[in-house]
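All remarks here apply to the structure that follows.
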Amino acid sequence: DAKNKKLGRVASEIATILQGKKTVYYNPRLSGSDQVMVENVKDMAFSGNKLEKKKIYRHTGYMGHLKFKILKESFAKNPSLILRQAVARMLPKNFLRDKRMLRLIIK
């Protein structure tokens, strides 16, 4: 349940569970087997002025086409995408990341 919890705290807890670090059988080379189901994502809290000042960047692939949106706009449109990006960026950047992200279920 992500209601009234900070984005970073929720994302780091999810990343730890997806890696399998909370199980007895943890092995860094395996993707793990735990699934994470998150509810009430639209009621997450943000500290400070992050909603008004933080920018979400994306790149189209062409030179000079770096685009951004304010966090408030992106969060209002699709709150689950913000959480997914935060979790994916906290996981190790290797071939297991896609397999681990498939086990994240956001309601």
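Residues in the structure tokens are numbered from 1 in each chain, the chains being A, B, ... in the order shown, and ligands are numbered from 1 in the order shown.
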*From segment 2-82 of chain A, collect each residue whose DSSP state is alpha helix (DSSP H) and return the set as a VMD selection string.*
chain A and resid 7 to 19 50 to 53 71 to 77 79 to 82
Those residues with N, CA, C and O atoms, as an mmCIF file, in the first residue's frame please?
data_model
loop_
_atom_site.group_PDB
_atom_site.id
_atom_site.type_symbol
_atom_site.label_atom_id
_atom_site.label_comp_id
_atom_site.auth_asym_id
_atom_site.auth_seq_id
_atom_site.Cartn_x
_atom_site.Cartn_y
_atom_site.Cartn_z
ATOM 1 N N LEU A 7 7.771 8.443 -2.641
ATOM 2 C CA LEU A 7 8.077 7.679 -3.849
ATOM 3 C C LEU A 7 9.382 6.908 -3.725
ATOM 4 O O LEU A 7 9.451 5.721 -4.022
ATOM 5 N N GLY A 8 10.435 7.545 -3.272
ATOM 6 C CA GLY A 8 11.740 6.903 -3.184
ATOM 7 C C GLY A 8 11.785 5.768 -2.191
ATOM 8 O O GLY A 8 12.424 4.742 -2.420
ATOM 9 N N ARG A 9 11.090 5.938 -1.078
ATOM 10 C CA ARG A 9 11.069 4.893 -0.056
ATOM 11 C C ARG A 9 10.331 3.654 -0.562
ATOM 12 O O ARG A 9 10.778 2.522 -0.356
ATOM 13 N N VAL A 10 9.230 3.875 -1.241
ATOM 14 C CA VAL A 10 8.458 2.760 -1.794
ATOM 15 C C VAL A 10 9.263 2.067 -2.895
ATOM 16 O O VAL A 10 9.344 0.836 -2.945
ATOM 17 N N ALA A 11 9.885 2.847 -3.770
ATOM 18 C CA ALA A 11 10.636 2.285 -4.896
ATOM 19 C C ALA A 11 11.843 1.474 -4.430
ATOM 20 O O ALA A 11 12.124 0.402 -4.983
ATOM 21 N N SER A 12 12.543 1.939 -3.412
ATOM 22 C CA SER A 12 13.715 1.201 -2.939
ATOM 23 C C SER A 12 13.309 -0.108 -2.262
ATOM 24 O O SER A 12 13.993 -1.128 -2.402
ATOM 25 N N GLU A 13 12.181 -0.101 -1.546
ATOM 26 C CA GLU A 13 11.691 -1.330 -0.934
ATOM 27 C C GLU A 13 11.274 -2.347 -2.001
ATOM 28 O O GLU A 13 11.573 -3.537 -1.895
ATOM 29 N N ILE A 14 10.613 -1.861 -3.043
ATOM 30 C CA ILE A 14 10.194 -2.734 -4.144
ATOM 31 C C ILE A 14 11.405 -3.317 -4.859
ATOM 32 O O ILE A 14 11.445 -4.510 -5.185
ATOM 33 N N ALA A 15 12.419 -2.493 -5.104
ATOM 34 C CA ALA A 15 13.624 -2.958 -5.796
ATOM 35 C C ALA A 15 14.339 -4.042 -4.993
ATOM 36 O O ALA A 15 14.834 -5.027 -5.558
ATOM 37 N N THR A 16 14.365 -3.884 -3.678
ATOM 38 C CA THR A 16 15.003 -4.890 -2.825
ATOM 39 C C THR A 16 14.258 -6.222 -2.898
ATOM 40 O O THR A 16 14.873 -7.291 -2.990
ATOM 41 N N ILE A 17 12.932 -6.161 -2.873
ATOM 42 C CA ILE A 17 12.134 -7.392 -2.925
ATOM 43 C C ILE A 17 12.261 -8.060 -4.289
ATOM 44 O O ILE A 17 12.387 -9.285 -4.383
ATOM 45 N N LEU A 18 12.235 -7.266 -5.377
ATOM 46 C CA LEU A 18 12.332 -7.837 -6.723
ATOM 47 C C LEU A 18 13.672 -8.521 -6.972
ATOM 48 O O LEU A 18 13.754 -9.483 -7.740
ATOM 49 N N GLN A 19 14.720 -8.025 -6.331
ATOM 50 C CA GLN A 19 16.026 -8.658 -6.492
ATOM 51 C C GLN A 19 16.110 -9.975 -5.734
ATOM 52 O O GLN A 19 16.976 -10.794 -5.996
ATOM 53 N N LYS A 50 8.821 18.931 -4.901
ATOM 54 C CA LYS A 50 9.135 18.066 -6.036
ATOM 55 C C LYS A 50 8.048 18.068 -7.103
ATOM 56 O O LYS A 50 8.349 17.995 -8.282
ATOM 57 N N LEU A 51 6.788 18.132 -6.704
ATOM 58 C CA LEU A 51 5.711 18.109 -7.700
ATOM 59 C C LEU A 51 5.798 19.285 -8.657
ATOM 60 O O LEU A 51 5.494 19.161 -9.839
ATOM 61 N N GLU A 52 6.217 20.441 -8.169
ATOM 62 C CA GLU A 52 6.275 21.631 -9.021
ATOM 63 C C GLU A 52 7.630 21.810 -9.707
ATOM 64 O O GLU A 52 7.711 22.414 -10.770
ATOM 65 N N LYS A 53 8.715 21.310 -9.104
ATOM 66 C CA LYS A 53 10.053 21.626 -9.616
ATOM 67 C C LYS A 53 10.770 20.483 -10.321
ATOM 68 O O LYS A 53 11.631 20.719 -11.156
ATOM 69 N N LEU A 71 6.854 16.992 -12.976
ATOM 70 C CA LEU A 71 6.395 15.778 -12.305
ATOM 71 C C LEU A 71 4.893 15.805 -12.047
ATOM 72 O O LEU A 71 4.221 14.783 -12.159
ATOM 73 N N LYS A 72 4.362 16.961 -11.738
ATOM 74 C CA LYS A 72 2.931 17.073 -11.442
ATOM 75 C C LYS A 72 2.081 16.661 -12.642
ATOM 76 O O LYS A 72 1.080 15.948 -12.505
ATOM 77 N N GLU A 73 2.486 17.086 -13.859
ATOM 78 C CA GLU A 73 1.750 16.729 -15.080
ATOM 79 C C GLU A 73 1.849 15.227 -15.359
ATOM 80 O O GLU A 73 0.845 14.570 -15.674
ATOM 81 N N SER A 74 3.051 14.685 -15.264
ATOM 82 C CA SER A 74 3.253 13.259 -15.550
ATOM 83 C C SER A 74 2.547 12.389 -14.531
ATOM 84 O O SER A 74 1.963 11.366 -14.881
ATOM 85 N N PHE A 75 2.589 12.782 -13.269
ATOM 86 C CA PHE A 75 1.966 12.003 -12.210
ATOM 87 C C PHE A 75 0.446 12.021 -12.333
ATOM 88 O O PHE A 75 -0.220 11.022 -12.087
ATOM 89 N N ALA A 76 -0.104 13.166 -12.747
ATOM 90 C CA ALA A 76 -1.556 13.246 -12.927
ATOM 91 C C ALA A 76 -2.017 12.377 -14.094
ATOM 92 O O ALA A 76 -3.089 11.777 -14.050
ATOM 93 N N LYS A 77 -1.199 12.299 -15.132
ATOM 94 C CA LYS A 77 -1.564 11.522 -16.316
ATOM 95 C C LYS A 77 -1.430 10.016 -16.080
ATOM 96 O O LYS A 77 -2.327 9.244 -16.411
ATOM 97 N N PRO A 79 0.292 7.815 -12.890
ATOM 98 C CA PRO A 79 1.124 7.669 -11.692
ATOM 99 C C PRO A 79 1.909 6.354 -11.657
ATOM 100 O O PRO A 79 3.002 6.309 -11.087
ATOM 101 N N SER A 80 1.399 5.309 -12.284
ATOM 102 C CA SER A 80 2.116 4.040 -12.246
ATOM 103 C C SER A 80 3.410 4.095 -13.056
ATOM 104 O O SER A 80 4.384 3.421 -12.722
ATOM 105 N N LEU A 81 3.440 4.905 -14.103
ATOM 106 C CA LEU A 81 4.652 5.042 -14.908
ATOM 107 C C LEU A 81 5.785 5.675 -14.094
ATOM 108 O O LEU A 81 6.942 5.259 -14.211
ATOM 109 N N ILE A 82 5.460 6.643 -13.259
ATOM 110 C CA ILE A 82 6.470 7.300 -12.424
ATOM 111 C C ILE A 82 7.089 6.282 -11.459
ATOM 112 O O ILE A 82 8.310 6.232 -11.288
#
*Select from chain A everything DSSP, run on the backbone, classes as strand (DSSP E), then give the selection as JSON, numbers by chain.*
{"A": [36, 37, 38, 55, 56, 57, 58, 59, 66, 67, 68, 69, 70, 104, 105, 106]}
Can I get the selection written as a short mmCIF file (atom, residue, chain, number, x, y, z; two decimals), in the first residue's frame, with C-alpha atoms?
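As written to disk, selection.cif reads:
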data_model
loop_
_atom_site.label_atom_id
_atom_site.label_comp_id
_atom_site.auth_asym_id
_atom_site.auth_seq_id
_atom_site.Cartn_x
_atom_site.Cartn_y
_atom_site.Cartn_z
CA VAL A 36 5.27 -7.21 -5.68
CA MET A 37 1.74 -5.84 -5.88
CA VAL A 38 1.36 -2.11 -5.17
CA LYS A 55 11.43 17.46 -14.32
CA ILE A 56 10.89 14.11 -16.04
CA TYR A 57 13.19 13.93 -19.08
CA ARG A 58 12.84 11.86 -22.24
CA HIS A 59 14.77 11.88 -25.50
CA LEU A 66 15.53 16.41 -25.18
CA LYS A 67 12.00 16.96 -23.84
CA PHE A 68 10.70 17.22 -20.31
CA LYS A 69 7.50 17.47 -18.32
CA ILE A 70 6.96 18.63 -14.77
CA LEU A 104 5.93 -5.74 -10.50
CA ILE A 105 2.14 -5.41 -10.50
CA ILE A 106 0.65 -1.96 -9.98
#
_Could you list, as JSON, numbers by chain, every residue within 6 Å of segment 45-48 of chain A, counting only C-alpha atoms and ignoring same-chain residues fewer than 3 positions away?_
{"A": [4, 5, 6]}
Could you write out that same residue set with C-alpha atoms as a compact mmCIF listing (two decimals), in the first residue's frame?
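The resulting file, result.txt, is reproduced below:
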# COMPACT_ATOMS: atom_id res chain seq x y z
CA ASN A 4 0.87 8.64 2.00
CA LYS A 5 4.34 7.12 1.49
CA LYS A 6 7.23 8.78 -0.31
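Ranking A:Val41, A:Leu96, A:Met63, A:Ala88 by their shortest atom-to-atom distance to Pro28 of chain A, with only C-alpha atoms included, puts A:Leu96 first.
Pairwise distance (atom CA of Lys3 of chain A, atom CA of Gln85 of chain A) equals 18.3 Å.
As for atom CA of Asn40 of chain A and atom CA of Ala86 of chain A, they are spaced 16.1 Å apart.
Residues with any atom within 12 Å of Ser31 of chain A, counting only C-alpha atoms and excluding same-chain neighbours fewer than 4 positions away, are Ala15, Thr16, Ile17, Leu18, Gln19, Gly20, Lys21, Thr23, Tyr25, Tyr26, Asn27, Gln35, Leu91, Pro92, Asn94, Phe95, Leu96, Arg97, Asp98, Lys99, Arg100, Met101, Leu102 and Arg103 of chain A.
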